[in-house]
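Structure first, then comments.
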Amino acid sequence: MVDTGKKIEGEMLGQYTALEKTYQYFMDNAARIKAFMKTAQDSSWIFIGCGSGYTLCVAGELATLKHLKRPAFAIPAGDLLLNFPLYADLIKNTLLIAPSRSGTTTEVIKAIELAKNTSKAKTLSICTKEKSTLSFISNMDLAIPWAFDEATCQTRTVTNLYTALLMLVGIAGDDHELIDEIKQAIDHGNDFIKYCYEPLQAFVAKNSWERVVVLADAELAGIAQEGMIAFMEISRVPANYFHILDVRHGPVVMVGKGTLVVMACSPYNEALQKDLIADLKQAGATIVCASEKRDNSWLADHHITIPAYKDQCVRGIPFIFIIQALAYAIALKKGIDPDSPPGLKPWITLNI
């Protein structure tokens with residue numbers, strides 16, 4: 001193992017300190033958020049972003065549909081920019097919501113400018129940089145600079161933007177139960193890190209994998225897709241994301257010896273999941289499960305207990321840390337520096 005990656009490790013382990021500030025910022029700005037939402041109360045919500053930002057948009061879409069019963073869509077900003085005529089009617093009079101680390105990603109900026117100029121769309125941005133280009137072109141900008149990651153690969157930023165989107169949904173819907181559970185997850189966060197971080201490092205030290213598959217369903221789909229990206233960027237292993245039972249429908253042929261499967265178990269239909277885990281283990285895969293169970297009744301190779309939050313989306317806050325910690329440990333074991341991924345830029349700007 002190499003003594004590198006200190007920047008990303010510090011940001012990863014410090015994400016709950018940042019989350020405390022993010023939570024308080026949204027509570028302090030709740031009245032302002034509600035007032036703005038009233039100006040777009042008849043609008044559909046369209047989430048746009050690139051890369052990790054897009055996976056957060058998927059999470060935002062699902063949380064909006066579930067908790068607000070409001071029409072919501074996630075569109076990759078690059079797709080919207082390239083194919084704007086195909087989406088022009090869909091985004092008329094909508095609210096565009098853009099989570100962003102830098103606030104300068106070209107595809108996001110240009111897509112929003114097109115939407116504002118042609119379809120009367122309003123924009124709300126959540127950015128980890130203050131006074132960014134995105135902030136200036138948004139009708140409402142929310143800035144959480146304490147969540148900004150200096151490391152190329154995002155950890156703290158992702159978790160904070162994910163939580164910010166959940167807070168946005170909770171405030172818009174006066175969903176005090178959701179907001180309270182988010183607060184619980186943040187309050188217990190550093191204890192959760194102490195509980196699972198070193199055991200995960202020890203688990204990685206005893207194993208080696210050539211590929212990773214992340215499995216999760218429903219409101220965890222977006223943050224699990226981000227987990228796939230984290231494995232590719234941080235540990236530089238091929239990774240995929242699938243819905244839990246969908247892995248049987250084709251992708252299972254690529255699961256075998258040398259495959260790590262990281263699964264966010266559902267509290268429902270336990271027998272179906274146990275059968276799947278048994279089949280994947282029979283194929284030679286190593287299974288890491290995260291669930292609210294206190295024991296490893298899944299018979300996984302490693303099990304991590306997540307608090308039993310009623311709102312499934314809140315489970316995504318500790319779940320993404322599990323993935324980040326695994327990816328980081330794999331990177332160090334491989335002898336690569338997760339702070340310096342070759343060819344990867346923190347954000348993309350295009351000459352257009």
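If you're wondering about the labels, chains in the structure tokens are A, B, ... by order shown, residues count from 1 in each chain, ligands from 1 in order shown.
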
TODO: Looking only at strand (DSSP E or B) from DSSP on the backbone, list the matching residues of stretch 65-100 of chain A as an MDAnalysis selection string.
DONE: chainID A and resid 72:76 95:100

Task: Close residues, stretch 263-274 of chain A itself excluded, 8 Å, only C-alpha atoms, min 2 positions apart in chain, as a ChimeraX atom specification - done: /A:214-217,244-245,261,276-278,287-292,298-299,319

With N, CA and C atoms retained, write the just-selected residues as a PDB file, in the first residue's frame.
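What follows is the written file result25.pdb:
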```
ATOM      1  N   VAL A 214     -22.366  -2.447  -8.449  1.00  0.00           N
ATOM      2  CA  VAL A 214     -23.153  -1.817  -7.382  1.00  0.00           C
ATOM      3  C   VAL A 214     -24.626  -2.105  -7.650  1.00  0.00           C
ATOM      4  N   LEU A 215     -25.322  -2.596  -6.628  1.00  0.00           N
ATOM      5  CA  LEU A 215     -26.737  -2.932  -6.754  1.00  0.00           C
ATOM      6  C   LEU A 215     -27.558  -2.133  -5.746  1.00  0.00           C
ATOM      7  N   ALA A 216     -28.612  -1.485  -6.208  1.00  0.00           N
ATOM      8  CA  ALA A 216     -29.518  -0.743  -5.321  1.00  0.00           C
ATOM      9  C   ALA A 216     -30.781  -0.422  -6.100  1.00  0.00           C
ATOM     10  N   ASP A 217     -31.846  -0.150  -5.360  1.00  0.00           N
ATOM     11  CA  ASP A 217     -33.147   0.092  -5.974  1.00  0.00           C
ATOM     12  C   ASP A 217     -33.771   1.405  -5.506  1.00  0.00           C
ATOM     13  N   ILE A 244     -31.310  -4.237  -8.280  1.00  0.00           N
ATOM     14  CA  ILE A 244     -30.916  -5.476  -7.600  1.00  0.00           C
ATOM     15  C   ILE A 244     -31.277  -6.720  -8.410  1.00  0.00           C
ATOM     16  N   LEU A 245     -32.531  -6.931  -8.691  1.00  0.00           N
ATOM     17  CA  LEU A 245     -32.911  -8.153  -9.394  1.00  0.00           C
ATOM     18  C   LEU A 245     -32.575  -8.101 -10.882  1.00  0.00           C
ATOM     19  N   VAL A 261     -19.321  -7.283  -5.451  1.00  0.00           N
ATOM     20  CA  VAL A 261     -20.694  -6.788  -5.534  1.00  0.00           C
ATOM     21  C   VAL A 261     -21.000  -6.034  -4.243  1.00  0.00           C
ATOM     22  N   LEU A 276     -30.558 -14.270  -4.533  1.00  0.00           N
ATOM     23  CA  LEU A 276     -29.644 -13.613  -5.462  1.00  0.00           C
ATOM     24  C   LEU A 276     -28.226 -13.620  -4.911  1.00  0.00           C
ATOM     25  N   ILE A 277     -28.089 -13.260  -3.656  1.00  0.00           N
ATOM     26  CA  ILE A 277     -26.755 -13.233  -3.043  1.00  0.00           C
ATOM     27  C   ILE A 277     -26.113 -14.612  -3.092  1.00  0.00           C
ATOM     28  N   ALA A 278     -26.898 -15.635  -2.794  1.00  0.00           N
ATOM     29  CA  ALA A 278     -26.369 -17.002  -2.840  1.00  0.00           C
ATOM     30  C   ALA A 278     -25.902 -17.359  -4.248  1.00  0.00           C
ATOM     31  N   ILE A 287     -19.335 -10.514  -1.845  1.00  0.00           N
ATOM     32  CA  ILE A 287     -20.522  -9.694  -1.608  1.00  0.00           C
ATOM     33  C   ILE A 287     -20.350  -8.838  -0.363  1.00  0.00           C
ATOM     34  N   VAL A 288     -20.540  -7.530  -0.525  1.00  0.00           N
ATOM     35  CA  VAL A 288     -20.639  -6.605   0.601  1.00  0.00           C
ATOM     36  C   VAL A 288     -22.071  -6.093   0.641  1.00  0.00           C
ATOM     37  N   CYS A 289     -22.747  -6.302   1.753  1.00  0.00           N
ATOM     38  CA  CYS A 289     -24.137  -5.861   1.896  1.00  0.00           C
ATOM     39  C   CYS A 289     -24.239  -4.750   2.924  1.00  0.00           C
ATOM     40  N   ALA A 290     -25.094  -3.798   2.650  1.00  0.00           N
ATOM     41  CA  ALA A 290     -25.462  -2.757   3.604  1.00  0.00           C
ATOM     42  C   ALA A 290     -26.963  -2.864   3.834  1.00  0.00           C
ATOM     43  N   SER A 291     -27.350  -2.992   5.088  1.00  0.00           N
ATOM     44  CA  SER A 291     -28.777  -3.109   5.401  1.00  0.00           C
ATOM     45  C   SER A 291     -29.005  -2.673   6.831  1.00  0.00           C
ATOM     46  N   GLU A 292     -30.285  -2.602   7.212  1.00  0.00           N
ATOM     47  CA  GLU A 292     -30.617  -2.200   8.572  1.00  0.00           C
ATOM     48  C   GLU A 292     -30.530  -3.362   9.556  1.00  0.00           C
ATOM     49  N   TRP A 298     -27.779 -12.176   5.664  1.00  0.00           N
ATOM     50  CA  TRP A 298     -27.670 -12.261   4.205  1.00  0.00           C
ATOM     51  C   TRP A 298     -26.585 -13.262   3.796  1.00  0.00           C
ATOM     52  N   LEU A 299     -25.718 -13.618   4.739  1.00  0.00           N
ATOM     53  CA  LEU A 299     -24.568 -14.486   4.468  1.00  0.00           C
ATOM     54  C   LEU A 299     -23.629 -13.847   3.448  1.00  0.00           C
ATOM     55  N   PHE A 319     -24.706   5.088   2.850  1.00  0.00           N
ATOM     56  CA  PHE A 319     -24.339   4.115   1.823  1.00  0.00           C
ATOM     57  C   PHE A 319     -23.231   4.640   0.916  1.00  0.00           C
TER      58      PHE A 319
END
```

Task: Non-local contacts of stretch 101-105 of chain A (9 Å; only C-alpha atoms; under 4 positions in same chain excluded) as an MDAnalysis selection string - done: chainID A and resid 49:50 53 109:110 125:135 145 147:149 154 157:158 161 346:350

Open item on the list: Please extract the residues of stretch 59-300 of chain A with a backbone DSSP assignment of alpha helix (DSSP H) and present them as a ChimeraX atom specification.
Closed with: /A:59-68,77-82,84-87,106-119,133-137,156-172,176-187,189-205,221-230,270-282

Task: A:Ser138 surroundings by only C-alpha atoms, 6 Å radius, close-in-sequence under 3 positions cut, as a list in words - done: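 Everything that qualifies: Thr123, Leu124, Ser135 and Asp141 of chain A.
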
- [ ] Choose the residue, out of A:Leu96, A:Ala111, A:Leu220, A:Leu82, that has the smallest atom-to-atom separation from A:Lys66; count only C-alpha atoms.
- [x]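 Checking each candidate against A:Lys66, we get A:Leu220 as the closest.
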
TODO: Fewer than 6 positions away in the same chain doesn't count, so skip those; otherwise give me all residues within 12 Å of A:Asn139, counting only C-alpha atoms, as a list of chain:residue names.
DONE: A:Ile33, A:Phe36, A:Met37, A:Thr39, A:Ala40, A:Leu95, A:Leu96, A:Ile97, A:Ala98, A:Ile112, A:Glu113, A:Lys116, A:Lys120, A:Ala121, A:Lys122, A:Thr123, A:Leu124, A:Ser125, A:Ile126

Let's have the selection written as a JSON list (two decimals), in the first residue's frame, with C-alpha atoms.
```json
[["chain", "number", "residue", "atom", "x", "y", "z"],
["A", 33, "ILE", "CA", -36.63, 28.51, -0.62],
["A", 36, "PHE", "CA", -39.15, 30.88, -4.53],
["A", 37, "MET", "CA", -40.91, 27.53, -4.92],
["A", 39, "THR", "CA", -43.27, 31.15, -7.99],
["A", 40, "ALA", "CA", -42.83, 27.77, -9.69],
["A", 95, "LEU", "CA", -38.00, 24.60, -13.01],
["A", 96, "LEU", "CA", -34.46, 23.50, -13.84],
["A", 97, "ILE", "CA", -32.49, 22.35, -10.79],
["A", 98, "ALA", "CA", -28.73, 22.10, -11.21],
["A", 112, "ILE", "CA", -29.49, 26.57, -19.00],
["A", 113, "GLU", "CA", -28.88, 29.61, -21.18],
["A", 116, "LYS", "CA", -33.96, 30.44, -20.25],
["A", 120, "LYS", "CA", -39.15, 30.61, -20.00],
["A", 121, "ALA", "CA", -37.65, 28.03, -17.67],
["A", 122, "LYS", "CA", -36.58, 29.11, -14.21],
["A", 123, "THR", "CA", -33.38, 27.82, -12.63],
["A", 124, "LEU", "CA", -32.37, 26.92, -9.10],
["A", 125, "SER", "CA", -28.72, 26.02, -8.58],
["A", 126, "ILE", "CA", -26.95, 24.36, -5.67]]
```

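Shortest separation to A:Glu61 among A:Ala143, A:Ala74, A:Leu81, A:Ile223 occurs at residue A:Ala74, atoms counted being only C-alpha atoms.
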
Open item on the list: Excluding A:Gly173 and its own-chain neighbours fewer than 2 positions away, which residues fall within 10 Å of it when counting only C-alpha atoms? Please give them as JSON, numbers by chain.
Closed with: {"A": [34, 37, 64, 67, 68, 69, 167, 168, 169, 170, 171, 175, 176, 178]}

Got time to write the residues from that selection, C-alpha atoms, as a PDB file, in the first residue's frame?
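Saved result, result26.pdb, follows:
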```pdb
ATOM      1  CA  LYS A  34     -40.360  28.183   0.023  1.00  0.00           C
ATOM      2  CA  MET A  37     -40.908  27.531  -4.920  1.00  0.00           C
ATOM      3  CA  THR A  64     -39.277  14.473  -5.861  1.00  0.00           C
ATOM      4  CA  HIS A  67     -42.080  12.775  -1.535  1.00  0.00           C
ATOM      5  CA  LEU A  68     -43.728  15.594  -3.492  1.00  0.00           C
ATOM      6  CA  LYS A  69     -45.753  13.579  -6.020  1.00  0.00           C
ATOM      7  CA  MET A 167     -33.326  19.021   2.037  1.00  0.00           C
ATOM      8  CA  LEU A 168     -34.764  20.927  -0.923  1.00  0.00           C
ATOM      9  CA  VAL A 169     -37.471  18.305  -1.341  1.00  0.00           C
ATOM     10  CA  GLY A 170     -38.173  18.209   2.384  1.00  0.00           C
ATOM     11  CA  ILE A 171     -38.495  21.989   2.678  1.00  0.00           C
ATOM     12  CA  ASP A 175     -41.816  17.067   5.105  1.00  0.00           C
ATOM     13  CA  HIS A 176     -40.575  17.361   8.668  1.00  0.00           C
ATOM     14  CA  LEU A 178     -37.674  13.564   6.095  1.00  0.00           C
TER      15      LEU A 178
END
```

Excluding stretch 180-193 of chain A and residues on its chain fewer than 5 positions from it, collect all residues at most 7 Å away from it, counting only C-alpha atoms, and give them as a PDB file with C-alpha atoms, in the first residue's frame.
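Result saved to part-v1.pdb:
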```pdb
ATOM      1  CA  TYR A  16     -20.201  14.978   8.085  1.00  0.00           C
ATOM      2  CA  LEU A  19     -23.030  18.185   6.275  1.00  0.00           C
ATOM      3  CA  GLU A  20     -23.775  19.864   9.597  1.00  0.00           C
ATOM      4  CA  TYR A 309     -34.470   5.221   8.441  1.00  0.00           C
ATOM      5  CA  VAL A 314     -31.747   8.979   3.790  1.00  0.00           C
TER       6      VAL A 314
END
```

Open item on the list: As an exercise, work out the distance from atom CA of A:Ala239 to atom CA of A:Thr155 in Å and give it to one decimal place.
Closed with: 17.0 Å

- [ ] Kindly indicate which residue among A:Val212, A:Leu114, A:Val252, A:Cys57 lies nearest to A:Ile75, using only C-alpha atoms for the distances.
- [x] A:Cys57

Task: Residue nearest A:Leu332 among A:Ala205, A:Arg32, A:Ile137, A:Thr94 (counting only C-alpha atoms) - done: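 Of A:Ala205, A:Arg32, A:Ile137, A:Thr94, the one nearest A:Leu332, counting only C-alpha atoms, is A:Ala205.
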
Open item on the list: If I take atom CA of A:Phe73 and atom CA of A:Ile46, how far is one from the other in Å, to one decimal?
Closed with: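 Separation of atom CA of A:Phe73 and atom CA of A:Ile46: 4.8 Å.
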